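Trainee: Provided below: target_15.txt, containing compact mmCIF, N, CA and C atoms.
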# COMPACT_ATOMS: atom_id res chain seq x y z
N MET M 1 9.86 7.85 -153.21
CA MET M 1 10.25 8.72 -152.10
C MET M 1 11.69 8.47 -151.70
N ARG M 2 12.05 7.20 -151.59
CA ARG M 2 13.41 6.85 -151.16
C ARG M 2 14.45 7.42 -152.12
N GLU M 3 14.16 7.33 -153.43
CA GLU M 3 15.11 7.83 -154.42
C GLU M 3 15.27 9.34 -154.30
N GLU M 4 14.17 10.02 -154.04
CA GLU M 4 14.23 11.48 -153.91
C GLU M 4 15.02 11.88 -152.67
N ILE M 5 14.85 11.15 -151.58
CA ILE M 5 15.64 11.42 -150.36
C ILE M 5 17.11 11.18 -150.64
N MET M 6 17.41 10.10 -151.34
CA MET M 6 18.82 9.80 -151.67
C MET M 6 19.41 10.92 -152.52
N GLU M 7 18.63 11.45 -153.44
CA GLU M 7 19.10 12.54 -154.29
C GLU M 7 19.41 13.79 -153.45
N ILE M 8 18.51 14.12 -152.53
CA ILE M 8 18.70 15.27 -151.65
C ILE M 8 19.96 15.07 -150.81
N LEU M 9 20.11 13.90 -150.23
CA LEU M 9 21.27 13.62 -149.39
C LEU M 9 22.58 13.69 -150.19
N THR M 10 22.55 13.15 -151.39
CA THR M 10 23.76 13.14 -152.22
C THR M 10 24.15 14.56 -152.63
N GLU M 11 23.16 15.40 -152.90
CA GLU M 11 23.46 16.81 -153.20
C GLU M 11 24.03 17.51 -151.98
N LEU M 12 23.51 17.16 -150.82
CA LEU M 12 23.96 17.78 -149.57
C LEU M 12 25.38 17.36 -149.21
N ARG M 13 25.64 16.06 -149.31
CA ARG M 13 26.95 15.51 -148.93
C ARG M 13 27.39 14.45 -149.94
N PRO M 14 27.95 14.85 -151.08
CA PRO M 14 28.34 13.88 -152.12
C PRO M 14 29.45 12.93 -151.67
N ASP M 15 30.11 13.24 -150.57
CA ASP M 15 31.21 12.41 -150.07
C ASP M 15 30.76 11.21 -149.25
N VAL M 16 29.47 11.07 -148.99
CA VAL M 16 28.95 10.01 -148.11
C VAL M 16 28.17 8.98 -148.93
N GLU M 17 28.40 7.70 -148.63
CA GLU M 17 27.63 6.63 -149.25
C GLU M 17 26.44 6.32 -148.34
N PHE M 18 25.33 6.98 -148.61
CA PHE M 18 24.18 6.92 -147.71
C PHE M 18 23.52 5.55 -147.64
N GLU M 19 23.62 4.76 -148.69
CA GLU M 19 23.01 3.42 -148.68
C GLU M 19 23.65 2.53 -147.61
N LYS M 20 24.92 2.76 -147.33
CA LYS M 20 25.65 1.90 -146.38
C LYS M 20 25.56 2.39 -144.94
N GLU M 21 25.27 3.66 -144.77
CA GLU M 21 25.31 4.24 -143.43
C GLU M 21 24.02 4.00 -142.66
N LYS M 22 24.15 3.63 -141.40
CA LYS M 22 22.99 3.39 -140.54
C LYS M 22 23.00 4.29 -139.30
N LYS M 23 24.06 5.08 -139.14
CA LYS M 23 24.18 5.96 -137.97
C LYS M 23 24.70 7.32 -138.39
N LEU M 24 23.98 7.96 -139.29
CA LEU M 24 24.41 9.25 -139.83
C LEU M 24 24.58 10.30 -138.74
N ILE M 25 23.71 10.29 -137.75
CA ILE M 25 23.78 11.26 -136.67
C ILE M 25 24.72 10.76 -135.57
N ASP M 26 24.50 9.52 -135.13
CA ASP M 26 25.28 8.97 -134.02
C ASP M 26 26.77 8.95 -134.32
N ASP M 27 27.14 8.72 -135.59
CA ASP M 27 28.56 8.69 -135.96
C ASP M 27 29.09 10.05 -136.40
N GLY M 28 28.25 11.08 -136.33
CA GLY M 28 28.70 12.43 -136.66
C GLY M 28 28.91 12.69 -138.15
N ILE M 29 28.31 11.86 -139.00
CA ILE M 29 28.46 12.03 -140.45
C ILE M 29 27.70 13.27 -140.91
N LEU M 30 26.50 13.46 -140.38
CA LEU M 30 25.74 14.67 -140.63
C LEU M 30 25.82 15.56 -139.40
N ASP M 31 26.20 16.83 -139.61
CA ASP M 31 26.26 17.75 -138.48
C ASP M 31 24.99 18.61 -138.43
N SER M 32 24.93 19.51 -137.50
CA SER M 32 23.71 20.30 -137.31
C SER M 32 23.38 21.15 -138.54
N PHE M 33 24.41 21.66 -139.21
CA PHE M 33 24.15 22.45 -140.42
C PHE M 33 23.56 21.58 -141.52
N ASP M 34 24.07 20.35 -141.64
CA ASP M 34 23.52 19.40 -142.62
C ASP M 34 22.05 19.12 -142.32
N ILE M 35 21.73 18.94 -141.06
CA ILE M 35 20.36 18.61 -140.67
C ILE M 35 19.41 19.78 -140.98
N VAL M 36 19.86 21.00 -140.70
CA VAL M 36 19.03 22.17 -141.01
C VAL M 36 18.73 22.23 -142.50
N SER M 37 19.75 22.03 -143.32
CA SER M 37 19.57 22.03 -144.78
C SER M 37 18.67 20.89 -145.22
N LEU M 38 18.92 19.71 -144.65
CA LEU M 38 18.15 18.52 -145.00
C LEU M 38 16.68 18.69 -144.67
N VAL M 39 16.39 19.20 -143.48
CA VAL M 39 15.00 19.40 -143.06
C VAL M 39 14.29 20.35 -144.02
N GLY M 40 14.95 21.43 -144.39
CA GLY M 40 14.35 22.37 -145.33
C GLY M 40 14.05 21.71 -146.67
N GLU M 41 14.99 20.94 -147.17
CA GLU M 41 14.81 20.24 -148.45
C GLU M 41 13.68 19.22 -148.36
N LEU M 42 13.64 18.45 -147.28
CA LEU M 42 12.58 17.44 -147.11
C LEU M 42 11.21 18.09 -146.98
N ASN M 43 11.14 19.18 -146.22
CA ASN M 43 9.87 19.90 -146.08
C ASN M 43 9.34 20.34 -147.44
N ASP M 44 10.23 20.91 -148.25
CA ASP M 44 9.82 21.41 -149.57
C ASP M 44 9.47 20.26 -150.51
N ALA M 45 10.32 19.25 -150.55
CA ALA M 45 10.15 18.16 -151.51
C ALA M 45 8.90 17.34 -151.26
N PHE M 46 8.54 17.15 -149.98
CA PHE M 46 7.43 16.26 -149.65
C PHE M 46 6.24 16.98 -149.04
N ASP M 47 6.29 18.32 -149.01
CA ASP M 47 5.19 19.13 -148.49
C ASP M 47 4.79 18.70 -147.09
N VAL M 48 5.78 18.58 -146.23
CA VAL M 48 5.55 18.25 -144.82
C VAL M 48 6.18 19.33 -143.95
N SER M 49 5.90 19.28 -142.66
CA SER M 49 6.52 20.18 -141.70
C SER M 49 7.21 19.35 -140.63
N ILE M 50 8.53 19.24 -140.75
CA ILE M 50 9.31 18.53 -139.74
C ILE M 50 9.52 19.52 -138.59
N ASN M 51 8.98 19.18 -137.43
CA ASN M 51 9.03 20.07 -136.27
C ASN M 51 10.21 19.75 -135.37
N VAL M 52 10.43 20.61 -134.40
CA VAL M 52 11.54 20.43 -133.46
C VAL M 52 11.46 19.08 -132.77
N GLN M 53 10.24 18.64 -132.39
CA GLN M 53 10.10 17.36 -131.70
C GLN M 53 10.45 16.18 -132.60
N ASP M 54 10.48 16.39 -133.92
CA ASP M 54 10.86 15.33 -134.86
C ASP M 54 12.37 15.23 -135.05
N LEU M 55 13.10 16.22 -134.56
CA LEU M 55 14.55 16.28 -134.78
C LEU M 55 15.29 15.38 -133.78
N LEU M 56 15.03 14.10 -133.90
CA LEU M 56 15.66 13.10 -133.06
C LEU M 56 16.64 12.30 -133.91
N PRO M 57 17.77 11.87 -133.33
CA PRO M 57 18.74 11.10 -134.11
C PRO M 57 18.13 9.90 -134.81
N GLU M 58 17.22 9.20 -134.14
CA GLU M 58 16.65 7.99 -134.73
C GLU M 58 15.83 8.29 -136.00
N ASN M 59 15.39 9.53 -136.18
CA ASN M 59 14.65 9.89 -137.39
C ASN M 59 15.56 10.21 -138.57
N PHE M 60 16.86 10.39 -138.32
CA PHE M 60 17.77 10.82 -139.37
C PHE M 60 19.03 9.96 -139.47
N ASN M 61 19.10 8.86 -138.73
CA ASN M 61 20.30 8.02 -138.75
C ASN M 61 20.48 7.26 -140.06
N CYS M 62 19.39 7.01 -140.78
CA CYS M 62 19.49 6.29 -142.05
C CYS M 62 18.35 6.70 -142.97
N VAL M 63 18.48 6.36 -144.23
CA VAL M 63 17.48 6.73 -145.23
C VAL M 63 16.12 6.12 -144.88
N ASP M 64 16.11 4.87 -144.43
CA ASP M 64 14.83 4.22 -144.09
C ASP M 64 14.10 4.98 -142.98
N ALA M 65 14.84 5.49 -142.01
CA ALA M 65 14.23 6.25 -140.92
C ALA M 65 13.61 7.54 -141.44
N MET M 66 14.28 8.17 -142.40
CA MET M 66 13.75 9.41 -142.98
C MET M 66 12.48 9.13 -143.79
N VAL M 67 12.47 8.03 -144.52
CA VAL M 67 11.27 7.63 -145.27
C VAL M 67 10.11 7.43 -144.29
N GLU M 68 10.36 6.73 -143.22
CA GLU M 68 9.32 6.46 -142.23
C GLU M 68 8.80 7.76 -141.61
N LEU M 69 9.71 8.66 -141.26
CA LEU M 69 9.31 9.95 -140.68
C LEU M 69 8.41 10.71 -141.64
N ILE M 70 8.80 10.81 -142.90
CA ILE M 70 8.01 11.55 -143.87
C ILE M 70 6.65 10.90 -144.10
N GLU M 71 6.64 9.57 -144.20
CA GLU M 71 5.36 8.88 -144.36
C GLU M 71 4.43 9.16 -143.19
N ASN M 72 4.97 9.13 -141.98
CA ASN M 72 4.16 9.41 -140.79
C ASN M 72 3.63 10.84 -140.81
N LEU M 73 4.47 11.79 -141.20
CA LEU M 73 4.04 13.18 -141.26
C LEU M 73 2.98 13.39 -142.33
N GLN M 74 3.10 12.72 -143.45
CA GLN M 74 2.11 12.84 -144.52
C GLN M 74 0.76 12.26 -144.09
N GLU M 75 0.79 11.20 -143.29
CA GLU M 75 -0.46 10.59 -142.80
C GLU M 75 -1.18 11.51 -141.83
N GLU M 76 -0.41 12.29 -141.07
CA GLU M 76 -0.99 13.18 -140.07
C GLU M 76 -1.72 14.36 -140.69
N GLU M 77 -1.30 14.76 -141.88
CA GLU M 77 -1.88 15.97 -142.50
C GLU M 77 -3.20 15.72 -143.15
Would you mind giving the structure from this file in C-alpha cells?
Mentor:
Amino acid sequence: MREEIMEILTELRPDVEFEKEKKLIDDGILDSFDIVSLVGELNDAFDVSINVQDLLPENFNCVDAMVELIENLQEEE
C-alpha cells in the first residue's frame, strides 16, 4: 500500500521528496488542487471513499498518515 501511495504522490508532484516530508499540508507543499487529485486517485486505487470529514491536515501531512487513513477506511467497509 505504501509503495502505491508513493507512486501516486510522485506522479502528482514529481518535484517533492515525499519520504522526507512530514508536513505536506502544514508547510503548503500540497495545495487544495493537489489534495482533490490525490483523494480521487486514492479512492480509485484502494476502493475507499475519503469523505469531507476525512480531509484533515493530519490525514495528509505524510505518507504514513495516508496509509493509516486508508487502512481505517478499509476496515470500516
Trainee: For the point (22.1, 12.4, -149.6) in the file's frame, write as JSON, numbers by chain all residues with an atom no more than 12 Å away, counting only C-alpha atoms.
Mentor: {"M": [2, 3, 4, 5, 6, 7, 8, 9, 10, 11, 12, 13, 14, 15, 16, 17, 18, 19, 20, 21, 24, 29, 30, 34, 35, 37, 38, 39, 41, 42, 60, 61, 62, 63, 66]}
Trainee: Write down as number ranges by chain the residues of chain M whose backbone DSSP state falls under helix (DSSP H, G or I).
Mentor: M: 2-12, 32-46, 52-54, 57-60, 63-76
Trainee: Quick one: write out the picked residues with N, CA and C atoms as a short mmCIF file (atom, residue, chain, number, x, y, z; two decimals), keeping the file's coordinate frame?
Mentor:
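Here's the written file again_28.cif:
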data_model
loop_
_atom_site.label_atom_id
_atom_site.label_comp_id
_atom_site.auth_asym_id
_atom_site.auth_seq_id
_atom_site.Cartn_x
_atom_site.Cartn_y
_atom_site.Cartn_z
N ARG M 2 12.05 7.20 -151.59
CA ARG M 2 13.41 6.85 -151.16
C ARG M 2 14.45 7.42 -152.12
N GLU M 3 14.16 7.33 -153.43
CA GLU M 3 15.11 7.83 -154.42
C GLU M 3 15.27 9.34 -154.30
N GLU M 4 14.17 10.02 -154.04
CA GLU M 4 14.23 11.48 -153.91
C GLU M 4 15.02 11.88 -152.67
N ILE M 5 14.85 11.15 -151.58
CA ILE M 5 15.64 11.42 -150.36
C ILE M 5 17.11 11.18 -150.64
N MET M 6 17.41 10.10 -151.34
CA MET M 6 18.82 9.80 -151.67
C MET M 6 19.41 10.92 -152.52
N GLU M 7 18.63 11.45 -153.44
CA GLU M 7 19.10 12.54 -154.29
C GLU M 7 19.41 13.79 -153.45
N ILE M 8 18.51 14.12 -152.53
CA ILE M 8 18.70 15.27 -151.65
C ILE M 8 19.96 15.07 -150.81
N LEU M 9 20.11 13.90 -150.23
CA LEU M 9 21.27 13.62 -149.39
C LEU M 9 22.58 13.69 -150.19
N THR M 10 22.55 13.15 -151.39
CA THR M 10 23.76 13.14 -152.22
C THR M 10 24.15 14.56 -152.63
N GLU M 11 23.16 15.40 -152.90
CA GLU M 11 23.46 16.81 -153.20
C GLU M 11 24.03 17.51 -151.98
N LEU M 12 23.51 17.16 -150.82
CA LEU M 12 23.96 17.78 -149.57
C LEU M 12 25.38 17.36 -149.21
N SER M 32 24.93 19.51 -137.50
CA SER M 32 23.71 20.30 -137.31
C SER M 32 23.38 21.15 -138.54
N PHE M 33 24.41 21.66 -139.21
CA PHE M 33 24.15 22.45 -140.42
C PHE M 33 23.56 21.58 -141.52
N ASP M 34 24.07 20.35 -141.64
CA ASP M 34 23.52 19.40 -142.62
C ASP M 34 22.05 19.12 -142.32
N ILE M 35 21.73 18.94 -141.06
CA ILE M 35 20.36 18.61 -140.67
C ILE M 35 19.41 19.78 -140.98
N VAL M 36 19.86 21.00 -140.70
CA VAL M 36 19.03 22.17 -141.01
C VAL M 36 18.73 22.23 -142.50
N SER M 37 19.75 22.03 -143.32
CA SER M 37 19.57 22.03 -144.78
C SER M 37 18.67 20.89 -145.22
N LEU M 38 18.92 19.71 -144.65
CA LEU M 38 18.15 18.52 -145.00
C LEU M 38 16.68 18.69 -144.67
N VAL M 39 16.39 19.20 -143.48
CA VAL M 39 15.00 19.40 -143.06
C VAL M 39 14.29 20.35 -144.02
N GLY M 40 14.95 21.43 -144.39
CA GLY M 40 14.35 22.37 -145.33
C GLY M 40 14.05 21.71 -146.67
N GLU M 41 14.99 20.94 -147.17
CA GLU M 41 14.81 20.24 -148.45
C GLU M 41 13.68 19.22 -148.36
N LEU M 42 13.64 18.45 -147.28
CA LEU M 42 12.58 17.44 -147.11
C LEU M 42 11.21 18.09 -146.98
N ASN M 43 11.14 19.18 -146.22
CA ASN M 43 9.87 19.90 -146.08
C ASN M 43 9.34 20.34 -147.44
N ASP M 44 10.23 20.91 -148.25
CA ASP M 44 9.82 21.41 -149.57
C ASP M 44 9.47 20.26 -150.51
N ALA M 45 10.32 19.25 -150.55
CA ALA M 45 10.15 18.16 -151.51
C ALA M 45 8.90 17.34 -151.26
N PHE M 46 8.54 17.15 -149.98
CA PHE M 46 7.43 16.26 -149.65
C PHE M 46 6.24 16.98 -149.04
N VAL M 52 10.43 20.61 -134.40
CA VAL M 52 11.54 20.43 -133.46
C VAL M 52 11.46 19.08 -132.77
N GLN M 53 10.24 18.64 -132.39
CA GLN M 53 10.10 17.36 -131.70
C GLN M 53 10.45 16.18 -132.60
N ASP M 54 10.48 16.39 -133.92
CA ASP M 54 10.86 15.33 -134.86
C ASP M 54 12.37 15.23 -135.05
N PRO M 57 17.77 11.87 -133.33
CA PRO M 57 18.74 11.10 -134.11
C PRO M 57 18.13 9.90 -134.81
N GLU M 58 17.22 9.20 -134.14
CA GLU M 58 16.65 7.99 -134.73
C GLU M 58 15.83 8.29 -136.00
N ASN M 59 15.39 9.53 -136.18
CA ASN M 59 14.65 9.89 -137.39
C ASN M 59 15.56 10.21 -138.57
N PHE M 60 16.86 10.39 -138.32
CA PHE M 60 17.77 10.82 -139.37
C PHE M 60 19.03 9.96 -139.47
N VAL M 63 18.48 6.36 -144.23
CA VAL M 63 17.48 6.73 -145.23
C VAL M 63 16.12 6.12 -144.88
N ASP M 64 16.11 4.87 -144.43
CA ASP M 64 14.83 4.22 -144.09
C ASP M 64 14.10 4.98 -142.98
N ALA M 65 14.84 5.49 -142.01
CA ALA M 65 14.23 6.25 -140.92
C ALA M 65 13.61 7.54 -141.44
N MET M 66 14.28 8.17 -142.40
CA MET M 66 13.75 9.41 -142.98
C MET M 66 12.48 9.13 -143.79
N VAL M 67 12.47 8.03 -144.52
CA VAL M 67 11.27 7.63 -145.27
C VAL M 67 10.11 7.43 -144.29
N GLU M 68 10.36 6.73 -143.22
CA GLU M 68 9.32 6.46 -142.23
C GLU M 68 8.80 7.76 -141.61
N LEU M 69 9.71 8.66 -141.26
CA LEU M 69 9.31 9.95 -140.68
C LEU M 69 8.41 10.71 -141.64
N ILE M 70 8.80 10.81 -142.90
CA ILE M 70 8.01 11.55 -143.87
C ILE M 70 6.65 10.90 -144.10
N GLU M 71 6.64 9.57 -144.20
CA GLU M 71 5.36 8.88 -144.36
C GLU M 71 4.43 9.16 -143.19
N ASN M 72 4.97 9.13 -141.98
CA ASN M 72 4.16 9.41 -140.79
C ASN M 72 3.63 10.84 -140.81
N LEU M 73 4.47 11.79 -141.20
CA LEU M 73 4.04 13.18 -141.26
C LEU M 73 2.98 13.39 -142.33
N GLN M 74 3.10 12.72 -143.45
CA GLN M 74 2.11 12.84 -144.52
C GLN M 74 0.76 12.26 -144.09
N GLU M 75 0.79 11.20 -143.29
CA GLU M 75 -0.46 10.59 -142.80
C GLU M 75 -1.18 11.51 -141.83
N GLU M 76 -0.41 12.29 -141.07
CA GLU M 76 -0.99 13.18 -140.07
C GLU M 76 -1.72 14.36 -140.69
#
Trainee: Axis-aligned box over every listed atom of segment 24-41 of chain M, padded by 8 Å per side: centre and edges in Å to one decimal, as JSON?
Mentor:
{"center_x": 21.4, "center_y": 15.2, "center_z": -141.2, "size_x": 31.4, "size_y": 30.5, "size_z": 30.4}
Trainee: May I ask for the distance between atom N of Glu76 of chain M and atom CA of Asp31 of chain M, given in Å to one decimal place?
Mentor: 27.3 Å
Trainee: Counting only C-alpha atoms, find residues at most 10 Å from (5.2, 17.4, -138.6) (file frame) and give them as a ChimeraX atom specification.
Mentor: /M:43,48-54,69-70,72-77
Trainee: Take the selection from the previous step and output its residues with N, CA and C atoms, as a short mmCIF file (atom, residue, chain, number, x, y, z; two decimals), keeping the file's coordinate frame.
Mentor:
data_model
loop_
_atom_site.label_atom_id
_atom_site.label_comp_id
_atom_site.auth_asym_id
_atom_site.auth_seq_id
_atom_site.Cartn_x
_atom_site.Cartn_y
_atom_site.Cartn_z
N ASN M 43 11.14 19.18 -146.22
CA ASN M 43 9.87 19.90 -146.08
C ASN M 43 9.34 20.34 -147.44
N VAL M 48 5.78 18.58 -146.23
CA VAL M 48 5.55 18.25 -144.82
C VAL M 48 6.18 19.33 -143.95
N SER M 49 5.90 19.28 -142.66
CA SER M 49 6.52 20.18 -141.70
C SER M 49 7.21 19.35 -140.63
N ILE M 50 8.53 19.24 -140.75
CA ILE M 50 9.31 18.53 -139.74
C ILE M 50 9.52 19.52 -138.59
N ASN M 51 8.98 19.18 -137.43
CA ASN M 51 9.03 20.07 -136.27
C ASN M 51 10.21 19.75 -135.37
N VAL M 52 10.43 20.61 -134.40
CA VAL M 52 11.54 20.43 -133.46
C VAL M 52 11.46 19.08 -132.77
N GLN M 53 10.24 18.64 -132.39
CA GLN M 53 10.10 17.36 -131.70
C GLN M 53 10.45 16.18 -132.60
N ASP M 54 10.48 16.39 -133.92
CA ASP M 54 10.86 15.33 -134.86
C ASP M 54 12.37 15.23 -135.05
N LEU M 69 9.71 8.66 -141.26
CA LEU M 69 9.31 9.95 -140.68
C LEU M 69 8.41 10.71 -141.64
N ILE M 70 8.80 10.81 -142.90
CA ILE M 70 8.01 11.55 -143.87
C ILE M 70 6.65 10.90 -144.10
N ASN M 72 4.97 9.13 -141.98
CA ASN M 72 4.16 9.41 -140.79
C ASN M 72 3.63 10.84 -140.81
N LEU M 73 4.47 11.79 -141.20
CA LEU M 73 4.04 13.18 -141.26
C LEU M 73 2.98 13.39 -142.33
N GLN M 74 3.10 12.72 -143.45
CA GLN M 74 2.11 12.84 -144.52
C GLN M 74 0.76 12.26 -144.09
N GLU M 75 0.79 11.20 -143.29
CA GLU M 75 -0.46 10.59 -142.80
C GLU M 75 -1.18 11.51 -141.83
N GLU M 76 -0.41 12.29 -141.07
CA GLU M 76 -0.99 13.18 -140.07
C GLU M 76 -1.72 14.36 -140.69
N GLU M 77 -1.30 14.76 -141.88
CA GLU M 77 -1.88 15.97 -142.50
C GLU M 77 -3.20 15.72 -143.15
#
Trainee: Any idea what the distance is between atom C of Pro57 of chain M and atom CA of Asp26 of chain M?
Mentor: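 Atom-to-atom, atom C of Pro57 of chain M to atom CA of Asp26 of chain M, that is 7.3 Å.
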Trainee: So how many Å separate atom C of Met1 of chain M and atom N of Asp27 of chain M, to one decimal?
Mentor: 22.3 Å
